[in-house]
Amino acid sequence: MGFARACSVALVGVDGVVVEVQADLEPGIAAFTLVGLPDKSLVESRDRVRAAVVNSGAEWPQKKLTVGLSPASVPKSGSGFDLAVACAVLGAAERIDPKEIADLVLIGELGLDGRVRPVRGILPAVLAAAEAGYHQVVVPEQTAGEASLVPGVQVLGVRSLRQLIAVLTGEPVPEEAAPVAGRPDPMLAGLMVPGAGAGTGLAPGMGSGPDLADVAGQPAARKALEVAATGAHHLLLHGPPGAGKTMLAERLPAILPPLTRHESLEVTAVHSVAGILPPGEPLIGTAPYCAPHHSATMQSLIGGGNGLPRPGAVSLAHRGVLFLDEAPEFSVRVLDALRQPLESGHVVVARSAGVVRLPARFLMALAANPCPCGRHTMNGSGCECPPSMVRRYQSRLSGPLLDRVDLRVEVEPVRRSDLMGQGGAGESSAAVAVRVREGRERAAARLAGTPWSTNSEVPGHELRTRWTAVPGALAAAERDMERGLLTARGLDRVLRVAWTVADLAGRDRPGAQDVGLALQLRTGVDRGALLAAGKDAG
């Protein structure tokens with residue numbers, strides 16, 4: 001009779017639960033039983049582990065073998081338990097000392113030849129192990145850099161089970177063949193999941209991505225973009241086709257500041273679980289950019305799938321930009337499902353297999369045409385859409401959803417002088433990014449010691465009582481609220497935008513001019529504030 005235990009991690013969304021893998025050998029007919037709520041891929045590990053152990057030069061025990069995964073109530077899926085199961089079996093067979101693996105967390109898939117293959121979700125798994133008090137983890141060599149991002153944890157990257165056995169028994173570590181330079185490494189196949197959103201991934205770096213200088217004219221939309229990036233405010237760009245709505249939204253990630261260390265770990269964990277973490281980049285330092293097609297389903301946008309839910313587009317855009325081009329073409333149910341994560345910064349997906357809480361603190365940018373043909377607001381354009389069709393098209397963006405959008409900007413058709421360069425070249429993304437970073441630093445200094453980091457996250461009650469505007473500055477906003485042009489939520493959002501405008505201007509508190517610009521950017525009513533703001537910037 002032999003017994004040994006090792007540890008691994010089960011992922012539930014982007015959270016991990018440490019699982020104890022117990023192996024028990026008893027006399028009897030040779031059999032391998034796996035218990036503890038495993039899924040299909042985990043049940044198949046019996047054949048993978050047996051072949052890997054034999055091909056690694058170890059002897060497979062010819063006894064009754066039972067492997068238990070505890071706690072049994074937690075659903076377990078994937079092939080990341082292979083390494084822990086193999087070591088627990090070898091410990092029960094006394095091929096390795098059971099004490100060497102008792103407090104060791106092992107994560108990795110085993111090939112039939114004994115090689116250790118990488119799996120998704122290494123970072124959140126190691127984070128969960130560290131929070132549970134474990135200090136030593138073994139992972140595939142290809143993901144050792146990702147695991148090393150967690151402080152206070154000793155990481156061992158191995159290429160094969162043979163190497164791990166040698167390390168644990170004190171024997172000479174055998175050399176494993178390295179990938180041939182210039183040829184694709186098949187071992188990295190487990191890190192990227194086809195169809196999991198790889199096309200939505202990360203925004204290109206500042207130097208290689210699209211630049212704001214490419215956009216002709218559009219001073220109002222440029223100002224709205226700068227305000228949105230500084231305060232993380234949601235943005236709606238509406239106007240005729242060809243005005244530059246998509247160009248503006250695609251350049252929004254380039255002016256966002258780099259992610260902090262904490263934000264980078266959050267984003268990396270989500271992308272690692274989703275299987276879209278770029279190989280060779282263990283830590284994501286730039287804001288992600290996700291632009292799903294308007295045919296996207298509820299599950300692809302919010303999260304879902306068979307079994308435990310997987311991250312959707314709102315989670316892949318966490319701490320970055322979610323761009324919905326041709327927004328009225330999306331399903332109304334899909335758009336309205338965004339209302340909850342827009343307020344809370346996370347999404348809770350309930351399925352029969354369990355409930356998952358996924359992060360979803362993103363900056364939403366919407367682009368919409370005024371009507372199906374797109375020429376409704378253009379003079380002499382010949383729009384033939386009936387009024388009922390125009391109303392029906394515009395109503396696809398519901399009132400409750402638009403009430404959560406801080407900035408609503410009319411993107412006018414590009415003038416000939418701007419297009420031919422006669423109006424002068426616009427500012428580059430690098431120049432605007434400097435002001436955005438300075439504005440965020442002012443907000444961060446003011447919000448130090450609070451749970452919030454940007455103006456869009458601050459509750460309205462705090463802005464009305466703790467951080468107040470200049471006396472009398474809210475008079476215009478209060479009048480709009482009395483007339484029914486603003487809701488209570490709308491007034492709070494105007495105040496948040498006003499604080500962002502003040503941060504960009506270097507003022508300690510928002511005044512009437514800042515509130516006027518915030519109202520103009522929200523309601524679209526020209527109050528002369530944008531022109532005044534442009535003079536101040538000049």
# chains A, B, ... in the order shown; residues from 1 in each chain; ligands from 1
$ select_by_dssp --residues "range 228-290 of chain A" --states "strand (DSSP E or B)" --output "NGL selection string"
:A and (235-238 or 288-290)
$ residues_around --residues "range 109-120 of chain A" --least-positions-apart "2" --cutoff "8 Å" --atoms "only C-alpha atoms" --output "PyMOL selection string"
chain A and resi 48-49+51-53+55-56+79-83+107+122+139-143+158-162+187-188+190-191+272-275
$ write_last_selection --atoms "N, CA and C atoms" --output "short mmCIF file (atom, residue, chain, number, x, y, z; two decimals), in the first residue's frame"
data_model
loop_
_atom_site.label_atom_id
_atom_site.label_comp_id
_atom_site.auth_asym_id
_atom_site.auth_seq_id
_atom_site.Cartn_x
_atom_site.Cartn_y
_atom_site.Cartn_z
N ARG A 48 -2.87 9.47 -20.92
CA ARG A 48 -1.70 10.33 -21.14
C ARG A 48 -0.64 10.12 -20.06
N VAL A 49 -1.08 10.08 -18.81
CA VAL A 49 -0.13 9.94 -17.69
C VAL A 49 0.56 8.59 -17.74
N ALA A 51 1.19 6.61 -20.35
CA ALA A 51 2.17 6.57 -21.43
C ALA A 51 3.36 7.46 -21.12
N ALA A 52 3.14 8.65 -20.53
CA ALA A 52 4.23 9.57 -20.22
C ALA A 52 5.17 8.98 -19.17
N VAL A 53 4.62 8.32 -18.17
CA VAL A 53 5.46 7.72 -17.12
C VAL A 53 6.32 6.61 -17.71
N ASN A 55 7.22 6.12 -20.89
CA ASN A 55 8.18 6.66 -21.86
C ASN A 55 9.23 7.55 -21.21
N SER A 56 9.05 7.87 -19.94
CA SER A 56 10.07 8.63 -19.21
C SER A 56 11.04 7.72 -18.47
N SER A 79 -6.31 19.86 -19.12
CA SER A 79 -5.22 18.89 -19.01
C SER A 79 -4.11 19.37 -18.10
N GLY A 80 -4.30 20.48 -17.41
CA GLY A 80 -3.25 21.02 -16.57
C GLY A 80 -2.96 20.22 -15.32
N PHE A 81 -3.77 19.20 -15.02
CA PHE A 81 -3.55 18.36 -13.85
C PHE A 81 -2.62 17.18 -14.13
N ASP A 82 -2.24 16.97 -15.39
CA ASP A 82 -1.45 15.77 -15.76
C ASP A 82 -0.18 15.65 -14.93
N LEU A 83 0.56 16.74 -14.82
CA LEU A 83 1.85 16.70 -14.13
C LEU A 83 1.68 16.34 -12.66
N ILE A 107 1.69 22.25 -12.47
CA ILE A 107 0.72 22.62 -13.50
C ILE A 107 1.33 22.31 -14.86
N ILE A 122 -1.82 30.10 -16.69
CA ILE A 122 -0.73 29.89 -15.74
C ILE A 122 -0.68 31.03 -14.70
N VAL A 139 6.07 24.46 -13.59
CA VAL A 139 5.27 24.76 -14.77
C VAL A 139 6.06 24.36 -16.01
N PRO A 140 5.41 24.29 -17.17
CA PRO A 140 6.16 24.06 -18.42
C PRO A 140 7.17 25.18 -18.65
N GLU A 141 8.28 24.84 -19.25
CA GLU A 141 9.36 25.80 -19.45
C GLU A 141 8.89 27.01 -20.26
N GLN A 142 7.99 26.80 -21.21
CA GLN A 142 7.55 27.90 -22.07
C GLN A 142 6.76 28.96 -21.30
N THR A 143 6.18 28.61 -20.16
CA THR A 143 5.36 29.56 -19.40
C THR A 143 6.02 29.95 -18.09
N VAL A 158 10.15 23.12 -16.52
CA VAL A 158 10.70 21.84 -16.99
C VAL A 158 10.18 21.56 -18.39
N ARG A 159 11.00 20.82 -19.14
CA ARG A 159 10.60 20.43 -20.49
C ARG A 159 9.96 19.06 -20.54
N SER A 160 10.28 18.20 -19.56
CA SER A 160 9.78 16.83 -19.61
C SER A 160 9.60 16.28 -18.21
N LEU A 161 8.81 15.23 -18.11
CA LEU A 161 8.63 14.54 -16.83
C LEU A 161 9.94 13.91 -16.40
N ARG A 162 10.76 13.49 -17.36
CA ARG A 162 12.06 12.89 -17.03
C ARG A 162 12.94 13.88 -16.28
N MET A 187 5.05 22.89 -29.22
CA MET A 187 4.71 22.91 -27.81
C MET A 187 3.92 24.16 -27.42
N LEU A 188 3.97 25.20 -28.26
CA LEU A 188 3.24 26.43 -27.96
C LEU A 188 1.80 26.38 -28.44
N GLY A 190 -0.71 24.86 -27.31
CA GLY A 190 -1.72 24.90 -26.25
C GLY A 190 -1.98 26.27 -25.70
N LEU A 191 -1.12 27.24 -26.03
CA LEU A 191 -1.29 28.58 -25.47
C LEU A 191 -2.27 29.42 -26.27
N SER A 272 -4.61 35.19 -20.54
CA SER A 272 -4.04 33.86 -20.40
C SER A 272 -5.13 32.81 -20.32
N VAL A 273 -6.18 33.08 -19.56
CA VAL A 273 -7.30 32.14 -19.46
C VAL A 273 -8.01 31.99 -20.80
N ALA A 274 -8.15 33.10 -21.53
CA ALA A 274 -8.85 33.06 -22.82
C ALA A 274 -8.03 32.41 -23.92
N GLY A 275 -6.72 32.23 -23.70
CA GLY A 275 -5.89 31.60 -24.71
C GLY A 275 -5.43 32.53 -25.81
#
$ closest_residue --among "A:Ser70, A:Ser456, A:Thr450, A:Gln520" --to "Arg404 in chain A" --atoms "only C-alpha atoms"
A:Ser456
$ closest_residue --among "A:Gln218, A:Ser41, A:Gly231, A:Ala254" --to "Val497 in chain A" --atoms "only C-alpha atoms"
A:Gly231
$ atom_distance --atom1 "CA of Gln136 in chain A" --atom2 "CA of Val17 in chain A"
15.9 Å
$ atom_distance --atom1 "CA of Leu11 in chain A" --atom2 "CA of Trp60 in chain A"
29.1 Å
$ atom_distance --atom1 "CA of Glu59 in chain A" --atom2 "CA of Asp39 in chain A"
26.8 Å
$ residues_around --residues "range 241-252 of chain A" --least-positions-apart "4" --cutoff "7 Å" --atoms "only C-alpha atoms" --output "list in words"
Pro210, Asp211, Leu212, Val215, Leu225, Leu237, Leu256, Phe323, Asp325, Ala365, Ala367, Asn369, Gly374, Val411, Glu412, Pro413 and Val414 of chain A
$ residues_around --residues "range 278-284 of chain A" --least-positions-apart "4" --cutoff "6 Å" --atoms "only C-alpha atoms" --output "number ranges by chain"
A: 145-146, 264, 268
$ write_last_selection --atoms "all heavy atoms" --output "PDB file, in the first residue's frame"
ATOM      1  N   GLY A 145       8.216  32.273 -17.596  1.00  0.00           N
ATOM      2  CA  GLY A 145       8.249  33.727 -17.495  1.00  0.00           C
ATOM      3  C   GLY A 145       6.939  34.287 -16.995  1.00  0.00           C
ATOM      4  O   GLY A 145       6.911  35.240 -16.197  1.00  0.00           O
ATOM      5  N   GLU A 146       5.828  33.715 -17.452  1.00  0.00           N
ATOM      6  CA  GLU A 146       4.512  34.163 -16.990  1.00  0.00           C
ATOM      7  C   GLU A 146       4.328  33.859 -15.509  1.00  0.00           C
ATOM      8  O   GLU A 146       3.827  34.696 -14.744  1.00  0.00           O
ATOM      9  CB  GLU A 146       3.424  33.467 -17.823  1.00  0.00           C
ATOM     10  CG  GLU A 146       2.017  33.889 -17.493  1.00  0.00           C
ATOM     11  CD  GLU A 146       0.979  33.140 -18.320  1.00  0.00           C
ATOM     12  OE1 GLU A 146       1.363  32.525 -19.341  1.00  0.00           O
ATOM     13  OE2 GLU A 146      -0.207  33.172 -17.948  1.00  0.00           O
ATOM     14  N   SER A 264      -1.725  45.446 -15.262  1.00  0.00           N
ATOM     15  CA  SER A 264      -1.098  44.503 -16.195  1.00  0.00           C
ATOM     16  C   SER A 264      -1.342  43.062 -15.772  1.00  0.00           C
ATOM     17  O   SER A 264      -1.621  42.201 -16.610  1.00  0.00           O
ATOM     18  CB  SER A 264       0.405  44.780 -16.277  1.00  0.00           C
ATOM     19  OG  SER A 264       0.659  46.040 -16.868  1.00  0.00           O
ATOM     20  N   THR A 268      -3.333  40.446 -18.064  1.00  0.00           N
ATOM     21  CA  THR A 268      -2.608  39.247 -18.462  1.00  0.00           C
ATOM     22  C   THR A 268      -3.337  37.990 -18.015  1.00  0.00           C
ATOM     23  O   THR A 268      -3.394  36.990 -18.747  1.00  0.00           O
ATOM     24  CB  THR A 268      -1.191  39.272 -17.883  1.00  0.00           C
ATOM     25  OG1 THR A 268      -0.517  40.460 -18.320  1.00  0.00           O
ATOM     26  CG2 THR A 268      -0.391  38.056 -18.338  1.00  0.00           C
TER      27      THR A 268
END
$ closest_residue --among "A:Ala488, A:Ala228, A:Ala296, A:Met389" --to "Val501 in chain A" --atoms "only C-alpha atoms"
A:Ala228
$ residues_around --residues "Val405 in chain A" --least-positions-apart "5" --cutoff "12 Å" --atoms "only C-alpha atoms" --output "CSV table (one decimal) with N, CA and C atoms, in the first residue's frame"
chain,number,residue,atom,x,y,z
A,228,ALA,N,-12.2,61.4,-23.1
A,228,ALA,CA,-12.6,60.0,-22.9
A,228,ALA,C,-11.4,59.2,-22.4
A,232,ALA,N,-11.5,57.9,-18.7
A,232,ALA,CA,-12.1,56.6,-18.9
A,232,ALA,C,-13.6,56.7,-19.1
A,233,HIS,N,-14.0,57.7,-19.9
A,233,HIS,CA,-15.5,58.0,-20.1
A,233,HIS,C,-15.9,57.3,-21.4
A,234,HIS,N,-17.1,56.7,-21.4
A,234,HIS,CA,-17.7,56.1,-22.5
A,234,HIS,C,-18.1,57.1,-23.6
A,235,LEU,N,-18.0,56.7,-24.8
A,235,LEU,CA,-18.0,57.6,-26.0
A,235,LEU,C,-18.9,57.1,-27.1
A,236,LEU,N,-19.7,58.0,-27.6
A,236,LEU,CA,-20.6,57.7,-28.8
A,236,LEU,C,-20.2,58.7,-29.9
A,237,LEU,N,-19.8,58.1,-31.0
A,237,LEU,CA,-19.5,59.0,-32.2
A,237,LEU,C,-20.6,58.7,-33.3
A,338,LEU,N,-24.9,45.1,-21.9
A,338,LEU,CA,-23.8,45.9,-21.5
A,338,LEU,C,-24.1,46.8,-20.3
A,339,ARG,N,-25.3,47.0,-20.0
A,339,ARG,CA,-25.6,48.0,-19.0
A,339,ARG,C,-25.1,47.7,-17.6
A,342,LEU,N,-21.2,48.1,-17.5
A,342,LEU,CA,-20.8,49.5,-17.6
A,342,LEU,C,-20.8,50.2,-16.3
A,343,GLU,N,-21.7,49.8,-15.4
A,343,GLU,CA,-21.9,50.4,-14.1
A,343,GLU,C,-20.9,49.8,-13.1
A,363,LEU,N,-13.4,50.9,-21.4
A,363,LEU,CA,-13.9,52.1,-22.0
A,363,LEU,C,-14.6,51.8,-23.3
A,364,MET,N,-15.9,52.1,-23.3
A,364,MET,CA,-16.7,51.7,-24.5
A,364,MET,C,-16.8,52.8,-25.5
A,365,ALA,N,-16.5,52.5,-26.7
A,365,ALA,CA,-16.6,53.5,-27.8
A,365,ALA,C,-17.6,53.0,-28.8
A,366,LEU,N,-18.7,53.7,-29.1
A,366,LEU,CA,-19.7,53.3,-30.0
A,366,LEU,C,-19.6,54.2,-31.3
A,397,LEU,N,-30.4,51.8,-30.1
A,397,LEU,CA,-29.6,52.2,-28.9
A,397,LEU,C,-30.5,52.7,-27.9
A,398,SER,N,-30.8,51.9,-26.9
A,398,SER,CA,-31.9,52.2,-25.9
A,398,SER,C,-31.5,53.4,-25.0
A,399,GLY,N,-32.5,54.0,-24.4
A,399,GLY,CA,-32.2,55.2,-23.5
A,399,GLY,C,-31.4,54.8,-22.3
A,400,PRO,N,-31.7,53.7,-21.6
A,400,PRO,CA,-30.8,53.3,-20.5
A,400,PRO,C,-29.4,53.1,-20.9
A,456,SER,N,-14.2,58.5,-13.9
A,456,SER,CA,-15.4,57.8,-14.3
A,456,SER,C,-15.8,56.8,-13.2
A,489,ARG,N,-28.6,60.2,-13.0
A,489,ARG,CA,-27.3,59.6,-13.4
A,489,ARG,C,-26.6,60.5,-14.4
A,490,GLY,N,-27.3,61.1,-15.3
A,490,GLY,CA,-26.7,62.0,-16.2
A,490,GLY,C,-26.0,63.2,-15.6
A,491,LEU,N,-26.6,63.8,-14.5
A,491,LEU,CA,-26.0,64.9,-13.8
A,491,LEU,C,-24.7,64.4,-13.2
A,492,ASP,N,-24.7,63.2,-12.6
A,492,ASP,CA,-23.4,62.7,-12.0
A,492,ASP,C,-22.3,62.5,-13.1
A,493,ARG,N,-22.7,62.1,-14.2
A,493,ARG,CA,-21.8,61.8,-15.3
A,493,ARG,C,-21.2,63.1,-15.9
A,494,VAL,N,-22.1,64.2,-15.9
A,494,VAL,CA,-21.6,65.5,-16.3
A,494,VAL,C,-20.6,66.0,-15.4
A,496,ARG,N,-18.6,64.2,-13.5
A,496,ARG,CA,-17.3,63.4,-13.7
A,496,ARG,C,-16.5,64.0,-14.9
A,497,VAL,N,-17.3,64.2,-16.0
A,497,VAL,CA,-16.6,64.7,-17.1
A,497,VAL,C,-16.0,66.1,-16.9
A,521,LEU,N,-20.5,68.1,-24.5
A,521,LEU,CA,-20.1,66.8,-25.0
A,521,LEU,C,-21.1,65.8,-24.7
A,522,ARG,N,-22.0,66.0,-23.7
A,522,ARG,CA,-23.0,64.9,-23.4
A,522,ARG,C,-24.3,65.1,-24.2
A,523,THR,N,-24.7,66.4,-24.3
A,523,THR,CA,-26.0,66.6,-25.0
A,523,THR,C,-25.9,67.0,-26.4
$ residues_around --residues "Tyr393 in chain A" --least-positions-apart "2" --cutoff "7 Å" --atoms "only C-alpha atoms" --output "ChimeraX atom specification"
/A:328,371-372,389-391,395-396
$ closest_residue --among "A:Leu265, A:Val67, A:Ile276, A:Val21" --to "Arg319 in chain A" --atoms "only C-alpha atoms"
A:Leu265
$ residues_around --residues "Val153 in chain A" --least-positions-apart "6" --cutoff "9 Å" --atoms "only C-alpha atoms" --output "VMD selection string"
chain A and resid 126 129 to 130 134 to 137 147
$ closest_residue --among "A:Asp47, A:Asp15, A:Asp526, A:Glu329" --to "Ala125 in chain A" --atoms "only C-alpha atoms"
A:Asp15
$ closest_residue --among "A:Gly16, A:Gly472, A:Gly28, A:Gly449" --to "Lys63 in chain A" --atoms "only C-alpha atoms"
A:Gly28
$ select_by_dssp --residues "range 383-450 of chain A" --states "helix (DSSP H, G or I)" --output "ChimeraX atom specification"
/A:387-394,399-402,416-419,429-446
$ write_last_selection --atoms "N, CA, C and O atoms" --output "short mmCIF file (atom, residue, chain, number, x, y, z; two decimals), in the first residue's frame"
data_model
loop_
_atom_site.label_atom_id
_atom_site.label_comp_id
_atom_site.auth_asym_id
_atom_site.auth_seq_id
_atom_site.Cartn_x
_atom_site.Cartn_y
_atom_site.Cartn_z
N PRO A 387 -39.27 58.47 -42.14
CA PRO A 387 -39.07 58.87 -40.74
C PRO A 387 -39.24 57.72 -39.75
O PRO A 387 -38.52 57.64 -38.76
N SER A 388 -40.19 56.82 -40.02
CA SER A 388 -40.40 55.69 -39.11
C SER A 388 -39.18 54.78 -39.09
O SER A 388 -38.80 54.24 -38.04
N MET A 389 -38.55 54.60 -40.26
CA MET A 389 -37.35 53.76 -40.32
C MET A 389 -36.19 54.42 -39.57
O MET A 389 -35.42 53.74 -38.87
N VAL A 390 -36.06 55.73 -39.70
CA VAL A 390 -34.99 56.45 -39.00
C VAL A 390 -35.17 56.32 -37.49
O VAL A 390 -34.23 56.04 -36.74
N ARG A 391 -36.43 56.53 -37.03
CA ARG A 391 -36.70 56.40 -35.59
C ARG A 391 -36.42 54.99 -35.10
O ARG A 391 -35.85 54.79 -34.03
N ARG A 392 -36.84 54.00 -35.88
CA ARG A 392 -36.63 52.61 -35.48
C ARG A 392 -35.14 52.28 -35.44
O ARG A 392 -34.68 51.58 -34.53
N TYR A 393 -34.39 52.81 -36.39
CA TYR A 393 -32.95 52.55 -36.42
C TYR A 393 -32.25 53.19 -35.23
O TYR A 393 -31.42 52.57 -34.57
N GLN A 394 -32.59 54.44 -34.94
CA GLN A 394 -31.94 55.13 -33.83
C GLN A 394 -32.36 54.58 -32.48
O GLN A 394 -31.59 54.65 -31.52
N GLY A 399 -32.48 54.03 -24.44
CA GLY A 399 -32.24 55.15 -23.54
C GLY A 399 -31.38 54.80 -22.34
O GLY A 399 -30.44 55.54 -22.00
N PRO A 400 -31.66 53.69 -21.64
CA PRO A 400 -30.81 53.32 -20.49
C PRO A 400 -29.35 53.09 -20.87
O PRO A 400 -28.46 53.40 -20.08
N LEU A 401 -29.10 52.57 -22.07
CA LEU A 401 -27.71 52.38 -22.50
C LEU A 401 -27.06 53.73 -22.78
O LEU A 401 -25.93 53.99 -22.32
N LEU A 402 -27.74 54.61 -23.51
CA LEU A 402 -27.16 55.92 -23.82
C LEU A 402 -26.99 56.77 -22.58
O LEU A 402 -26.11 57.64 -22.53
N ARG A 416 -13.43 69.92 -47.43
CA ARG A 416 -12.40 69.78 -48.47
C ARG A 416 -11.08 70.38 -48.01
O ARG A 416 -10.01 69.81 -48.25
N SER A 417 -11.12 71.53 -47.35
CA SER A 417 -9.87 72.17 -46.93
C SER A 417 -9.11 71.31 -45.92
O SER A 417 -7.88 71.23 -45.96
N ASP A 418 -9.86 70.65 -45.02
CA ASP A 418 -9.19 69.78 -44.05
C ASP A 418 -8.61 68.55 -44.73
O ASP A 418 -7.51 68.09 -44.41
N LEU A 419 -9.36 67.99 -45.66
CA LEU A 419 -8.91 66.77 -46.33
C LEU A 419 -7.67 67.02 -47.17
O LEU A 419 -6.77 66.17 -47.25
N SER A 429 -0.72 61.32 -31.96
CA SER A 429 -1.13 60.58 -30.77
C SER A 429 -0.17 60.79 -29.62
O SER A 429 -0.58 60.85 -28.45
N ALA A 430 1.12 60.90 -29.92
CA ALA A 430 2.12 61.08 -28.86
C ALA A 430 1.90 62.38 -28.10
O ALA A 430 1.99 62.43 -26.87
N ALA A 431 1.56 63.46 -28.83
CA ALA A 431 1.33 64.76 -28.18
C ALA A 431 0.09 64.72 -27.29
O ALA A 431 0.09 65.24 -26.18
N VAL A 432 -0.97 64.10 -27.80
CA VAL A 432 -2.20 64.01 -27.00
C VAL A 432 -1.99 63.08 -25.80
O VAL A 432 -2.50 63.34 -24.70
N ALA A 433 -1.22 62.01 -25.99
CA ALA A 433 -0.99 61.06 -24.90
C ALA A 433 -0.28 61.71 -23.72
O ALA A 433 -0.50 61.32 -22.57
N VAL A 434 0.57 62.68 -23.99
CA VAL A 434 1.26 63.39 -22.89
C VAL A 434 0.24 64.11 -22.02
O VAL A 434 0.30 64.04 -20.78
N ARG A 435 -0.71 64.83 -22.64
CA ARG A 435 -1.73 65.53 -21.86
C ARG A 435 -2.64 64.55 -21.12
O ARG A 435 -3.05 64.80 -19.98
N VAL A 436 -2.95 63.44 -21.77
CA VAL A 436 -3.79 62.43 -21.11
C VAL A 436 -3.09 61.88 -19.87
O VAL A 436 -3.70 61.74 -18.81
N ARG A 437 -1.82 61.59 -20.01
CA ARG A 437 -1.07 61.06 -18.87
C ARG A 437 -1.01 62.07 -17.73
O ARG A 437 -1.18 61.71 -16.55
N GLU A 438 -0.79 63.35 -18.05
CA GLU A 438 -0.74 64.38 -17.01
C GLU A 438 -2.10 64.53 -16.33
O GLU A 438 -2.17 64.71 -15.11
N GLY A 439 -3.17 64.47 -17.11
CA GLY A 439 -4.50 64.56 -16.52
C GLY A 439 -4.81 63.40 -15.60
O GLY A 439 -5.39 63.57 -14.52
N ARG A 440 -4.40 62.20 -16.02
CA ARG A 440 -4.61 61.03 -15.16
C ARG A 440 -3.79 61.11 -13.88
O ARG A 440 -4.23 60.66 -12.81
N GLU A 441 -2.60 61.67 -13.97
CA GLU A 441 -1.76 61.80 -12.78
C GLU A 441 -2.40 62.76 -11.78
O GLU A 441 -2.35 62.53 -10.56
N ARG A 442 -3.02 63.85 -12.28
CA ARG A 442 -3.70 64.77 -11.36
C ARG A 442 -4.88 64.07 -10.68
O ARG A 442 -5.10 64.23 -9.47
N ALA A 443 -5.65 63.31 -11.46
CA ALA A 443 -6.78 62.59 -10.88
C ALA A 443 -6.31 61.54 -9.87
O ALA A 443 -6.91 61.37 -8.80
N ALA A 444 -5.24 60.83 -10.21
CA ALA A 444 -4.73 59.79 -9.31
C ALA A 444 -4.23 60.39 -8.00
O ALA A 444 -4.42 59.81 -6.92
N ALA A 445 -3.60 61.58 -8.07
CA ALA A 445 -3.13 62.23 -6.85
C ALA A 445 -4.31 62.64 -5.97
O ALA A 445 -4.26 62.53 -4.74
N ARG A 446 -5.38 63.11 -6.59
CA ARG A 446 -6.57 63.51 -5.83
C ARG A 446 -7.28 62.30 -5.23
O ARG A 446 -7.81 62.38 -4.10
#
